[in-house]
$ cat structure-v4.cif   # mmCIF, C-alpha atoms and all ligand atoms
data_run
#
loop_
_atom_site.label_atom_id
_atom_site.label_comp_id
_atom_site.auth_asym_id
_atom_site.auth_seq_id
_atom_site.Cartn_x
_atom_site.Cartn_y
_atom_site.Cartn_z
CA MET A 1 -21.68 -12.67 10.06
CA SER A 2 -19.64 -15.39 11.73
CA ASN A 3 -17.29 -16.52 8.97
CA ILE A 4 -15.83 -14.37 6.18
CA LYS A 5 -13.04 -14.42 3.62
CA ILE A 6 -11.57 -11.16 2.37
CA PHE A 7 -9.13 -9.82 -0.24
CA CYS A 8 -6.52 -7.37 1.08
CA PRO A 9 -4.96 -5.49 -1.84
CA ALA A 10 -1.35 -4.42 -2.33
CA THR A 11 -0.73 -0.66 -2.52
CA ILE A 12 1.82 1.77 -3.95
CA ALA A 13 2.80 4.53 -1.54
CA ASN A 14 4.47 7.89 -2.30
CA LEU A 15 3.75 8.06 -6.08
CA ASN A 16 6.89 10.17 -6.58
CA CYS A 17 5.74 13.63 -5.53
CA GLY A 18 3.68 12.50 -2.51
CA PHE A 19 6.28 11.04 -0.14
CA ASP A 20 4.55 9.62 2.96
CA VAL A 21 1.15 11.08 1.97
CA MET A 22 -0.08 9.64 -1.37
CA GLY A 23 -0.99 6.06 -2.18
CA LEU A 24 -2.97 3.95 -4.60
CA CYS A 25 -4.69 0.59 -4.38
CA LEU A 26 -3.97 -2.37 -6.70
CA GLU A 27 -6.41 -4.99 -7.95
CA THR A 28 -4.47 -8.05 -9.07
CA ILE A 29 -2.07 -8.47 -6.14
CA GLY A 30 -3.25 -9.02 -2.59
CA ASP A 31 -3.45 -11.33 0.41
CA GLU A 32 -6.46 -13.26 1.60
CA MET A 33 -7.64 -13.51 5.18
CA ILE A 34 -10.35 -15.58 6.87
CA PHE A 35 -12.17 -14.54 10.06
CA ARG A 36 -14.23 -16.83 12.27
CA LYS A 37 -16.19 -16.27 15.45
CA SER A 38 -14.99 -18.58 18.19
CA PRO A 39 -16.25 -19.38 21.69
CA THR A 40 -12.86 -18.46 23.22
CA LYS A 41 -12.66 -14.72 23.82
CA GLY A 42 -9.88 -12.61 22.29
CA ILE A 43 -7.99 -12.61 18.98
CA LYS A 44 -6.14 -15.70 17.78
CA ILE A 45 -4.09 -16.18 14.60
CA THR A 46 -4.69 -19.83 13.69
CA LYS A 47 -3.00 -20.18 10.31
CA ILE A 48 -0.42 -18.34 8.19
CA THR A 49 0.55 -19.45 4.69
CA GLY A 50 2.89 -17.85 2.15
CA ALA A 51 5.30 -16.22 4.64
CA GLU A 52 7.17 -16.90 7.85
CA LEU A 53 5.45 -14.53 10.25
CA PRO A 54 4.83 -14.61 13.99
CA PHE A 55 1.60 -16.08 15.38
CA GLU A 56 1.91 -13.99 18.57
CA ILE A 57 -0.76 -11.29 18.53
CA ASP A 58 1.60 -8.56 19.68
CA LYS A 59 4.22 -9.37 17.01
CA ASN A 60 1.99 -9.71 13.94
CA VAL A 61 0.59 -6.49 12.46
CA ALA A 62 -2.75 -8.27 11.89
CA GLY A 63 -2.95 -9.22 15.57
CA VAL A 64 -2.09 -5.74 16.83
CA ALA A 65 -4.55 -4.06 14.46
CA ALA A 66 -7.33 -6.57 15.25
CA LEU A 67 -6.86 -6.04 18.96
CA ALA A 68 -6.86 -2.25 18.53
CA ILE A 69 -10.33 -2.27 16.96
CA LEU A 70 -11.70 -4.93 19.32
CA ASN A 71 -10.54 -3.04 22.44
CA ASN A 72 -11.91 0.21 21.09
CA TYR A 73 -15.26 -1.41 20.27
CA GLU A 74 -15.57 -2.73 23.83
CA LYS A 75 -14.84 0.78 25.11
CA ASP A 76 -17.23 2.54 22.67
CA PHE A 77 -20.06 0.00 22.73
CA ASN A 78 -20.24 -3.15 24.85
CA PRO A 79 -18.14 -6.16 25.88
CA VAL A 80 -17.90 -8.91 23.28
CA SER A 81 -18.84 -12.42 24.41
CA PHE A 82 -16.99 -14.31 21.65
CA GLY A 83 -13.49 -14.46 20.19
CA ILE A 84 -12.20 -14.05 16.62
CA GLU A 85 -9.86 -16.46 14.84
CA ILE A 86 -7.81 -15.17 11.92
CA GLU A 87 -6.11 -16.97 9.03
CA ILE A 88 -3.56 -14.99 6.98
CA HIS A 89 -2.71 -16.15 3.47
CA LYS A 90 0.15 -13.96 2.23
CA LYS A 91 0.61 -13.35 -1.46
CA ILE A 92 2.38 -9.99 -1.10
CA LYS A 93 6.02 -10.57 -0.21
CA THR A 94 7.19 -8.76 2.91
CA GLY A 95 9.68 -5.99 2.29
CA SER A 96 8.70 -5.66 -1.38
CA GLY A 97 7.53 -2.05 -1.11
CA ILE A 98 3.92 -2.71 -2.05
CA GLY A 99 2.38 -2.68 1.39
CA SER A 100 2.61 -6.24 2.67
CA SER A 101 2.26 -5.27 6.32
CA ALA A 102 -0.42 -2.69 5.46
CA ALA A 103 -2.54 -5.37 3.73
CA SER A 104 -2.50 -7.42 6.94
CA ALA A 105 -3.23 -4.41 9.16
CA ALA A 106 -6.05 -3.10 6.94
CA GLY A 107 -7.42 -6.61 6.36
CA ALA A 108 -7.47 -7.34 10.09
CA VAL A 109 -9.48 -4.24 11.01
CA PHE A 110 -11.84 -4.68 8.06
CA GLY A 111 -12.49 -8.35 8.94
CA VAL A 112 -13.00 -7.73 12.65
CA ASN A 113 -15.31 -4.80 11.86
CA GLU A 114 -17.47 -7.10 9.68
CA ILE A 115 -17.64 -9.75 12.42
CA LEU A 116 -18.64 -7.05 14.92
CA GLY A 117 -21.53 -5.97 12.64
CA LYS A 118 -19.80 -3.00 10.94
CA PRO A 119 -19.79 -0.46 13.78
CA TYR A 120 -17.09 1.64 12.03
CA SER A 121 -16.83 3.17 8.56
CA LYS A 122 -13.83 2.31 6.36
CA SER A 123 -12.38 5.77 7.05
CA GLU A 124 -12.64 5.20 10.80
CA LEU A 125 -10.80 1.91 10.41
CA VAL A 126 -7.61 3.65 9.20
CA HIS A 127 -6.81 4.75 12.73
CA PHE A 128 -6.85 1.13 14.03
CA ALA A 129 -4.89 -0.23 11.06
CA MET A 130 -2.13 2.31 11.76
CA LYS A 131 -1.59 0.67 15.17
CA GLY A 132 -0.68 -2.53 13.34
CA GLU A 133 1.59 -0.76 10.84
CA ALA A 134 3.50 0.75 13.75
CA ILE A 135 4.99 -2.60 14.76
CA ALA A 136 6.28 -3.26 11.22
CA SER A 137 7.88 0.12 10.68
CA GLY A 138 8.23 1.77 14.08
CA SER A 139 5.78 4.57 13.33
CA GLU A 140 2.02 4.86 12.88
CA HIS A 141 1.87 5.71 9.20
CA ALA A 142 -1.20 5.63 6.98
CA ASP A 143 0.10 5.99 3.42
CA ASN A 144 -0.46 2.27 2.62
CA VAL A 145 -3.35 1.34 4.93
CA THR A 146 -5.50 4.23 3.65
CA PRO A 147 -5.57 3.19 -0.04
CA CYS A 148 -5.84 -0.48 1.03
CA LEU A 149 -9.03 0.33 2.96
CA LEU A 150 -10.61 3.04 0.80
CA GLY A 151 -9.37 2.00 -2.67
CA GLY A 152 -8.32 4.33 -5.50
CA PHE A 153 -5.88 7.16 -4.88
CA THR A 154 -5.67 8.58 -1.37
CA LEU A 155 -4.02 11.49 0.38
CA VAL A 156 -3.07 11.65 4.05
CA ARG A 157 -3.45 15.41 4.48
CA GLY A 158 -2.44 15.33 8.11
CA TYR A 159 -1.95 13.12 11.14
CA ASP A 160 -2.85 15.39 14.03
CA PRO A 161 -5.78 14.94 13.78
CA LEU A 162 -5.84 12.20 11.14
CA ASP A 163 -7.25 13.67 7.92
CA ILE A 164 -7.52 11.30 4.97
CA ILE A 165 -9.00 12.12 1.59
CA LYS A 166 -9.95 9.84 -1.29
CA ILE A 167 -8.96 11.46 -4.59
CA GLU A 168 -11.24 11.03 -7.58
CA SER A 169 -9.36 9.58 -10.54
CA PRO A 170 -9.90 8.51 -14.15
CA ASN A 171 -10.89 4.85 -14.55
CA GLU A 172 -8.35 3.93 -17.22
CA LEU A 173 -5.26 4.02 -15.03
CA PHE A 174 -3.11 0.91 -14.79
CA ALA A 175 -0.01 0.31 -12.71
CA VAL A 176 2.94 -1.91 -13.61
CA VAL A 177 5.03 -3.09 -10.66
CA LEU A 178 8.43 -4.75 -11.08
CA HIS A 179 9.66 -6.35 -7.87
CA PRO A 180 13.38 -7.18 -7.91
CA HIS A 181 14.09 -9.98 -5.44
CA ILE A 182 16.59 -8.04 -3.37
CA GLU A 183 16.16 -6.89 0.19
CA ILE A 184 16.18 -3.23 1.14
CA LYS A 185 15.65 -2.77 4.84
CA THR A 186 13.21 0.06 5.52
CA SER A 187 15.82 1.37 7.98
CA ASP A 188 18.41 1.57 5.14
CA ALA A 189 15.89 3.26 2.83
CA ARG A 190 15.24 5.81 5.61
CA ALA A 191 18.95 6.22 6.42
CA VAL A 192 19.80 7.61 2.95
CA LEU A 193 17.27 10.43 3.32
CA GLU A 194 18.44 13.89 4.30
CA PRO A 195 16.67 15.78 7.09
CA MET A 196 16.83 19.14 5.27
CA ILE A 197 15.60 19.92 1.76
CA SER A 198 16.18 22.99 -0.35
CA LEU A 199 13.40 25.53 -0.85
CA LYS A 200 13.87 25.12 -4.62
CA ASN A 201 13.16 21.37 -4.41
CA ALA A 202 10.29 21.86 -1.95
CA ILE A 203 8.61 24.26 -4.39
CA LYS A 204 8.99 21.75 -7.24
CA GLN A 205 7.67 18.89 -5.11
CA TRP A 206 4.55 20.63 -3.79
CA GLY A 207 3.86 22.03 -7.26
CA ASN A 208 3.93 18.46 -8.54
CA LEU A 209 1.76 17.10 -5.73
CA GLY A 210 -0.86 19.77 -6.39
CA GLY A 211 -0.53 18.97 -10.10
CA LEU A 212 -1.01 15.25 -9.56
CA ILE A 213 -4.17 15.77 -7.54
CA ALA A 214 -5.54 18.34 -10.00
CA GLY A 215 -4.68 16.04 -12.93
CA LEU A 216 -6.45 13.09 -11.31
CA TYR A 217 -9.62 15.13 -10.64
CA MET A 218 -9.54 16.71 -14.11
CA LYS A 219 -8.80 13.33 -15.72
CA ASP A 220 -5.99 15.12 -17.56
CA TYR A 221 -3.27 12.60 -18.34
CA GLU A 222 -0.78 15.25 -19.47
CA ILE A 223 -0.91 16.95 -16.08
CA ILE A 224 -0.72 13.59 -14.28
CA SER A 225 2.31 12.68 -16.36
CA ARG A 226 4.15 15.99 -15.81
CA SER A 227 3.48 15.77 -12.07
CA LEU A 228 4.81 12.24 -11.51
CA GLU A 229 8.25 13.58 -10.65
CA ASP A 230 10.26 13.23 -7.43
CA VAL A 231 13.13 15.68 -6.96
CA ILE A 232 13.63 14.92 -3.27
CA ILE A 233 13.53 11.21 -2.38
CA GLU A 234 14.23 9.36 -5.63
CA PRO A 235 17.69 10.87 -6.24
CA LEU A 236 18.76 9.64 -2.79
CA ARG A 237 17.14 6.22 -2.87
CA LYS A 238 17.50 5.05 -6.45
CA GLY A 239 21.09 3.89 -5.87
CA LEU A 240 19.73 1.14 -3.63
CA ILE A 241 17.84 -0.39 -6.58
CA PRO A 242 20.07 -1.92 -9.27
CA ASN A 243 19.25 -0.63 -12.77
CA PHE A 244 16.53 1.71 -11.53
CA ASP A 245 17.22 4.42 -14.15
CA LYS A 246 17.26 1.91 -17.01
CA VAL A 247 13.92 0.40 -15.98
CA LYS A 248 12.35 3.81 -15.45
CA ASN A 249 13.56 5.06 -18.83
CA SER A 250 12.30 1.94 -20.60
CA ALA A 251 8.86 2.50 -19.03
CA LEU A 252 8.77 6.17 -20.06
CA LYS A 253 10.01 5.42 -23.60
CA ASN A 254 7.19 2.91 -24.03
CA GLY A 255 4.42 5.27 -23.06
CA ALA A 256 4.19 5.23 -19.25
CA LEU A 257 2.81 8.44 -17.75
CA GLY A 258 5.46 8.25 -15.05
CA ALA A 259 7.57 5.79 -13.10
CA GLY A 260 9.36 5.68 -9.78
CA ILE A 261 10.09 3.82 -6.56
CA SER A 262 7.13 2.08 -4.94
CA GLY A 263 7.08 2.81 -1.22
CA ALA A 264 10.56 2.33 0.22
CA GLY A 265 11.46 0.01 -2.70
CA PRO A 266 12.84 -2.16 -4.12
CA SER A 267 9.72 -2.38 -6.32
CA ILE A 268 9.62 0.01 -9.28
CA PHE A 269 6.21 1.17 -10.49
CA ALA A 270 4.94 2.77 -13.70
CA LEU A 271 1.53 4.36 -14.21
CA CYS A 272 -0.08 3.97 -17.63
CA LYS A 273 -3.23 5.01 -19.46
CA GLY A 274 -5.04 1.84 -20.57
CA SER A 275 -4.18 -1.85 -20.47
CA SER A 276 -2.44 -2.14 -23.84
CA ILE A 277 0.11 0.57 -22.98
CA ALA A 278 0.55 -1.08 -19.57
CA LYS A 279 1.30 -4.41 -21.29
CA ASN A 280 3.94 -2.79 -23.55
CA VAL A 281 5.48 -0.98 -20.60
CA ALA A 282 5.60 -4.23 -18.58
CA LYS A 283 7.32 -6.02 -21.46
CA ALA A 284 9.90 -3.24 -21.79
CA MET A 285 10.59 -3.16 -18.04
CA GLU A 286 10.87 -6.93 -18.00
CA ASN A 287 13.32 -7.02 -20.93
CA THR A 288 15.47 -4.38 -19.25
CA TYR A 289 15.57 -6.26 -15.97
CA LEU A 290 16.29 -9.65 -17.56
CA LYS A 291 19.76 -8.27 -18.33
CA THR A 292 20.59 -7.88 -14.62
CA ASN A 293 20.49 -11.56 -13.56
CA ILE A 294 18.48 -10.46 -10.52
CA PRO A 295 15.28 -12.52 -10.20
CA PHE A 296 12.12 -10.44 -10.23
CA ASP A 297 8.39 -10.64 -10.71
CA ILE A 298 6.19 -8.21 -12.54
CA HIS A 299 2.50 -7.37 -12.16
CA ILE A 300 0.02 -5.33 -14.18
CA SER A 301 -2.99 -4.03 -12.30
CA LYS A 302 -5.85 -1.65 -12.85
CA VAL A 303 -6.23 0.88 -10.06
CA ASN A 304 -8.65 -0.75 -7.61
CA ASP A 305 -11.32 1.74 -6.62
CA GLU A 306 -12.96 -0.47 -3.99
CA GLY A 307 -10.12 -1.47 -1.67
CA VAL A 308 -10.31 -4.35 0.79
CA LYS A 309 -13.46 -6.47 0.26
CA ILE A 310 -15.31 -9.66 1.11
CA ILE A 311 -14.80 -12.43 -1.47
P1 LIG B 401 6.18 -3.83 3.55
O1 LIG B 401 6.50 -2.38 3.25
O2 LIG B 401 6.08 -4.65 2.29
O3 LIG B 401 5.02 -3.99 4.45
P2 LIG B 401 8.12 -3.90 5.63
O4 LIG B 401 9.50 -4.44 5.54
O5 LIG B 401 7.91 -2.47 5.90
O6 LIG B 401 7.39 -4.42 4.31
O7 LIG B 401 7.30 -4.66 6.79
C1 LIG B 401 7.36 -5.99 6.95
C2 LIG B 401 7.77 -6.30 8.40
O8 LIG B 401 6.61 -6.46 9.21
C3 LIG B 401 8.55 -7.58 8.47
O9 LIG B 401 9.58 -7.44 9.42
C4 LIG B 401 7.53 -8.59 8.94
O10 LIG B 401 8.11 -9.66 9.66
C5 LIG B 401 6.63 -7.75 9.83
N1 LIG B 401 5.26 -8.29 9.92
C6 LIG B 401 4.59 -8.63 11.04
N2 LIG B 401 3.37 -9.09 10.74
C7 LIG B 401 3.23 -9.04 9.40
C8 LIG B 401 2.18 -9.38 8.52
N3 LIG B 401 1.03 -9.91 8.93
N4 LIG B 401 2.39 -9.18 7.20
C9 LIG B 401 3.55 -8.65 6.76
N5 LIG B 401 4.59 -8.32 7.55
C10 LIG B 401 4.43 -8.50 8.87
#

$ encode --input "structure-v4.cif" --output "structure tokens"
Amino acid sequence: MSNIKIFCPATIANLNCGFDVMGLCLETIGDEMIFRKSPTKGIKITKITGAELPFEIDKNVAGVAALAILNNYEKDFNPVSFGIEIEIHKKIKTGSGIGSSAASAAGAVFGVNEILGKPYSKSELVHFAMKGEAIASGSEHADNVTPCLLGGFTLVRGYDPLDIIKIESPNELFAVVLHPHIEIKTSDARAVLEPMISLKNAIKQWGNLGGLIAGLYMKDYEIISRSLEDVIIEPLRKGLIPNFDKVKNSALKNGALGAGISGAGPSIFALCKGSSIAKNVAKAMENTYLKTNIPFDIHISKVNDEGVKII
């Protein structure tokens, strides 16, 4: 293939009880990227729309991730005689908490892998995408790039060595995401965290994470709902998001299985069983936020089981 267009989905990381390890893939929000073979060797970003982002390969997560897979391919297989041009069309706002940088990193490695003739599996691509994520956040984390690549719900069981697992889940799950147009720097969202946690809270949190995974496999919405609780991060971070409690409560009152902070925020997510409950929950969250005078946008999306794909 010498010319492809792909969809790079937004993702929700953490999912309350799975800080830094759980994530899910969305269907209705995502960037688009175009990849073209070119006679000039190397990676080149030729066009960016929808956001002010650097064209320099070493400053754009897409460039860094694309180069990581290309260099590795040349080491594992053989030298490449052509170059790859990339266009990035951003639809996911940066700093929104739904994996904007991850979509570019995952999209870049997926696209380059297709152009190279698919030498790597989607799971193998996670490692290269993490190299891109590192320049956005300062660390090689996989909680957004994994669901973006694999789709569905994913768990990063460990980093050393990287161990990622796709979690089976029921097919009626919908997410609502409310994105308040305020900026929370990832550094500020990290700064409010405490380095030590109590044993009591740790027990609650890992009980919930086990519960969430069991509930997803068992397709048991009651267990999923009871497990979508965060006793460690949310109490420290929610103060950064105006009206967080009110929005969360309105989602729960209207039938959401659970609600919380998406990634490092400021987006607030709710998980719902079925599209009609999701629509009611979105309406309730929207009405609550209209009272704040803070501009926002709201999305409803089925959980996307496929992940990044050619369109
Ligand atoms: P998010 O969690 O939504 O990805 P972050 O604030 O963690 O948002 O990361 C966005 C940062 O990464 C911004 O500083 C942005 O300039 C930088 N960045 C570099 N390349 C990209 C890209 N292709 N897409 C998104 N952000 C990028």

$ closest_residue --input "structure-v4.cif" --among "A:Ser227, A:Ser267, A:Ala251, A:Phe19" --to "Lys93 (chain A)" --atoms "all atoms listed in the file"
A:Ser267

$ closest_residue --input "structure-v4.cif" --among "A:Val303, A:Leu15, A:Ala191, A:Ile232" --to "Ala259 (chain A)" --atoms "only C-alpha atoms"
A:Leu15

$ residues_around --input "structure-v4.cif" --residues "region 130-145 of chain A" --least-positions-apart "4" --cutoff "6 Å" --atoms "all atoms listed in the file" --output "JSON, numbers by chain"
{"A": [11, 13, 20, 21, 23, 61, 64, 65, 99, 102, 105, 106]}

$ residues_around --input "structure-v4.cif" --residues "Asn254 (chain A)" --least-positions-apart "2" --cutoff "9 Å" --atoms "all atoms listed in the file" --output "PyMOL selection string"
chain A and resi 249-252+256+277-278+280-281+284

$ write_last_selection --input "structure-v4.cif" --atoms "C-alpha atoms" --output "PDB file, keeping the file's coordinate frame"
ATOM      1  CA  ASN A 249      13.560   5.060 -18.830  1.00  0.00           C
ATOM      2  CA  SER A 250      12.300   1.940 -20.600  1.00  0.00           C
ATOM      3  CA  ALA A 251       8.860   2.500 -19.030  1.00  0.00           C
ATOM      4  CA  LEU A 252       8.770   6.170 -20.060  1.00  0.00           C
ATOM      5  CA  ALA A 256       4.190   5.230 -19.250  1.00  0.00           C
ATOM      6  CA  ILE A 277       0.110   0.570 -22.980  1.00  0.00           C
ATOM      7  CA  ALA A 278       0.550  -1.080 -19.570  1.00  0.00           C
ATOM      8  CA  ASN A 280       3.940  -2.790 -23.550  1.00  0.00           C
ATOM      9  CA  VAL A 281       5.480  -0.980 -20.600  1.00  0.00           C
ATOM     10  CA  ALA A 284       9.900  -3.240 -21.790  1.00  0.00           C
TER      11      ALA A 284
END

$ closest_atom_pairs --input "structure-v4.cif" --of "chain A" --to "ligand LIG 401 (chain B)" --cutoff "8 Å" --atoms "all atoms listed in the file" --output "tab-separated table"
residue	atom	partner	partner_atom	distance
A:Glu52	CA	B:LIG401	O10	7.5
A:Leu53	CA	B:LIG401	O10	5.6
A:Pro54	CA	B:LIG401	N2	6.6
A:Lys59	CA	B:LIG401	C6	6.0
A:Asn60	CA	B:LIG401	N2	3.5
A:Val61	CA	B:LIG401	N2	4.2
A:Ala62	CA	B:LIG401	N3	5.1
A:Gly63	CA	B:LIG401	N3	7.8
A:Ile88	CA	B:LIG401	N3	7.1
A:Lys90	CA	B:LIG401	N4	7.3
A:Ile92	CA	B:LIG401	O2	7.3
A:Lys93	CA	B:LIG401	O2	6.4
A:Thr94	CA	B:LIG401	O2	4.3
A:Gly95	CA	B:LIG401	O6	3.4
A:Ser96	CA	B:LIG401	O2	4.6
A:Gly97	CA	B:LIG401	O1	4.5
A:Ile98	CA	B:LIG401	O2	5.2
A:Gly99	CA	B:LIG401	O3	4.2
A:Ser100	CA	B:LIG401	O3	3.7
A:Ser101	CA	B:LIG401	O3	3.6
A:Ala102	CA	B:LIG401	O3	5.7
A:Ala103	CA	B:LIG401	N4	7.1
A:Ser104	CA	B:LIG401	N3	4.8
A:Ala105	CA	B:LIG401	N3	7.0
A:Glu133	CA	B:LIG401	O8	7.8
A:Ile135	CA	B:LIG401	O8	7.0
A:Ala136	CA	B:LIG401	O8	3.8
A:Ser137	CA	B:LIG401	O5	5.4
A:Lys185	CA	B:LIG401	O4	6.4
A:Thr186	CA	B:LIG401	O4	5.8
A:Gly263	CA	B:LIG401	O1	6.9
A:Ala264	CA	B:LIG401	O1	6.9

$ closest_residue --input "structure-v4.cif" --among "A:Glu172, A:Asp297, A:Glu286, A:Glu229" --to "Gly18 (chain A)" --atoms "all atoms listed in the file"
A:Glu229

$ closest_residue --input "structure-v4.cif" --among "A:Ala68, A:Ile115, A:Lys47, A:Phe55" --to "Phe35 (chain A)" --atoms "all atoms listed in the file"
A:Ile115

$ residues_near_point --input "structure-v4.cif" --point "(-11.6, -6.8, 11.0)" --cutoff "12 Å" --atoms "all atoms listed in the file" --output "JSON, numbers by chain"
{"A": [1, 2, 3, 4, 5, 6, 7, 8, 33, 34, 35, 36, 37, 43, 62, 63, 64, 65, 66, 67, 68, 69, 70, 73, 84, 85, 86, 87, 103, 104, 105, 106, 107, 108, 109, 110, 111, 112, 113, 114, 115, 116, 117, 118, 119, 120, 121, 122, 125, 126, 128, 129, 132, 149, 308, 309, 310]}

$ residues_around --input "structure-v4.cif" --residues "Ser123 (chain A)" --least-positions-apart "4" --cutoff "8 Å" --atoms "only C-alpha atoms" --output "MDAnalysis selection string"
chainID A and resid 146 149:150 164

$ atom_distance --input "structure-v4.cif" --atom1 "CA of Ala270 (chain A)" --atom2 "CA of Tyr159 (chain A)"
27.8 Å

$ atom_distance --input "structure-v4.cif" --atom1 "CA of Ile203 (chain A)" --atom2 "CA of Ile167 (chain A)"
21.7 Å

$ atom_distance --input "structure-v4.cif" --atom1 "CA of Asn208 (chain A)" --atom2 "CA of Ala10 (chain A)"
24.3 Å

$ closest_residue --input "structure-v4.cif" --among "A:Val231, A:Ile45, A:Val156, A:Ile57" --to "Lys204 (chain A)" --atoms "all atoms listed in the file"
A:Val231

$ residues_around --input "structure-v4.cif" --residues "Leu173 (chain A)" --least-positions-apart "6" --cutoff "7 Å" --atoms "only C-alpha atoms" --output "JSON list (two decimals) with C-alpha atoms, in the coordinates of the input"
[["chain", "number", "residue", "atom", "x", "y", "z"],
["A", 271, "LEU", "CA", 1.53, 4.36, -14.21],
["A", 272, "CYS", "CA", -0.08, 3.97, -17.63],
["A", 273, "LYS", "CA", -3.23, 5.01, -19.46],
["A", 274, "GLY", "CA", -5.04, 1.84, -20.57],
["A", 302, "LYS", "CA", -5.85, -1.65, -12.85],
["A", 303, "VAL", "CA", -6.23, 0.88, -10.06]]

$ residues_around --input "structure-v4.cif" --residues "Arg226 (chain A)" --least-positions-apart "3" --cutoff "8 Å" --atoms "only C-alpha atoms" --output "PyMOL selection string"
chain A and resi 208+211+222-223+229+257-258

$ closest_residue --input "structure-v4.cif" --among "A:Val176, A:Ile268, A:Gly260, A:Ser301" --to "Ala282 (chain A)" --atoms "all atoms listed in the file"
A:Val176

$ build_atoms --input "structure-v4.cif" --residues "region 145-158 of chain A" --atoms "N, CA and C atoms" --output "PDB file, in the frame of the given file"
ATOM      1  N   VAL A 145      -2.067   1.889   4.429  1.00  0.00           N
ATOM      2  CA  VAL A 145      -3.350   1.340   4.930  1.00  0.00           C
ATOM      3  C   VAL A 145      -4.545   2.134   4.390  1.00  0.00           C
ATOM      4  N   THR A 146      -4.361   3.431   4.128  1.00  0.00           N
ATOM      5  CA  THR A 146      -5.500   4.230   3.650  1.00  0.00           C
ATOM      6  C   THR A 146      -5.967   3.770   2.258  1.00  0.00           C
ATOM      7  N   PRO A 147      -5.065   3.690   1.250  1.00  0.00           N
ATOM      8  CA  PRO A 147      -5.570   3.190  -0.040  1.00  0.00           C
ATOM      9  C   PRO A 147      -6.034   1.732   0.034  1.00  0.00           C
ATOM     10  N   CYS A 148      -5.412   0.924   0.905  1.00  0.00           N
ATOM     11  CA  CYS A 148      -5.840  -0.480   1.030  1.00  0.00           C
ATOM     12  C   CYS A 148      -7.299  -0.534   1.509  1.00  0.00           C
ATOM     13  N   LEU A 149      -7.656   0.328   2.435  1.00  0.00           N
ATOM     14  CA  LEU A 149      -9.030   0.330   2.960  1.00  0.00           C
ATOM     15  C   LEU A 149     -10.015   1.026   2.034  1.00  0.00           C
ATOM     16  N   LEU A 150      -9.633   2.223   1.546  1.00  0.00           N
ATOM     17  CA  LEU A 150     -10.610   3.040   0.800  1.00  0.00           C
ATOM     18  C   LEU A 150     -10.607   2.766  -0.699  1.00  0.00           C
ATOM     19  N   GLY A 151      -9.497   2.213  -1.225  1.00  0.00           N
ATOM     20  CA  GLY A 151      -9.370   2.000  -2.670  1.00  0.00           C
ATOM     21  C   GLY A 151      -8.980   3.284  -3.388  1.00  0.00           C
ATOM     22  N   GLY A 152      -8.658   3.170  -4.660  1.00  0.00           N
ATOM     23  CA  GLY A 152      -8.320   4.330  -5.500  1.00  0.00           C
ATOM     24  C   GLY A 152      -7.041   5.017  -5.062  1.00  0.00           C
ATOM     25  N   PHE A 153      -7.000   6.330  -5.309  1.00  0.00           N
ATOM     26  CA  PHE A 153      -5.880   7.160  -4.880  1.00  0.00           C
ATOM     27  C   PHE A 153      -6.277   7.847  -3.579  1.00  0.00           C
ATOM     28  N   THR A 154      -5.344   7.919  -2.641  1.00  0.00           N
ATOM     29  CA  THR A 154      -5.670   8.580  -1.370  1.00  0.00           C
ATOM     30  C   THR A 154      -4.555   9.520  -0.950  1.00  0.00           C
ATOM     31  N   LEU A 155      -4.956  10.512  -0.169  1.00  0.00           N
ATOM     32  CA  LEU A 155      -4.020  11.490   0.380  1.00  0.00           C
ATOM     33  C   LEU A 155      -4.165  11.490   1.906  1.00  0.00           C
ATOM     34  N   VAL A 156      -3.034  11.431   2.602  1.00  0.00           N
ATOM     35  CA  VAL A 156      -3.070  11.650   4.050  1.00  0.00           C
ATOM     36  C   VAL A 156      -2.709  13.127   4.237  1.00  0.00           C
ATOM     37  N   ARG A 157      -3.723  13.972   4.400  1.00  0.00           N
ATOM     38  CA  ARG A 157      -3.450  15.410   4.480  1.00  0.00           C
ATOM     39  C   ARG A 157      -2.763  15.778   5.782  1.00  0.00           C
ATOM     40  N   GLY A 158      -3.080  15.034   6.841  1.00  0.00           N
ATOM     41  CA  GLY A 158      -2.440  15.330   8.110  1.00  0.00           C
ATOM     42  C   GLY A 158      -2.683  14.213   9.108  1.00  0.00           C
TER      43      GLY A 158
END
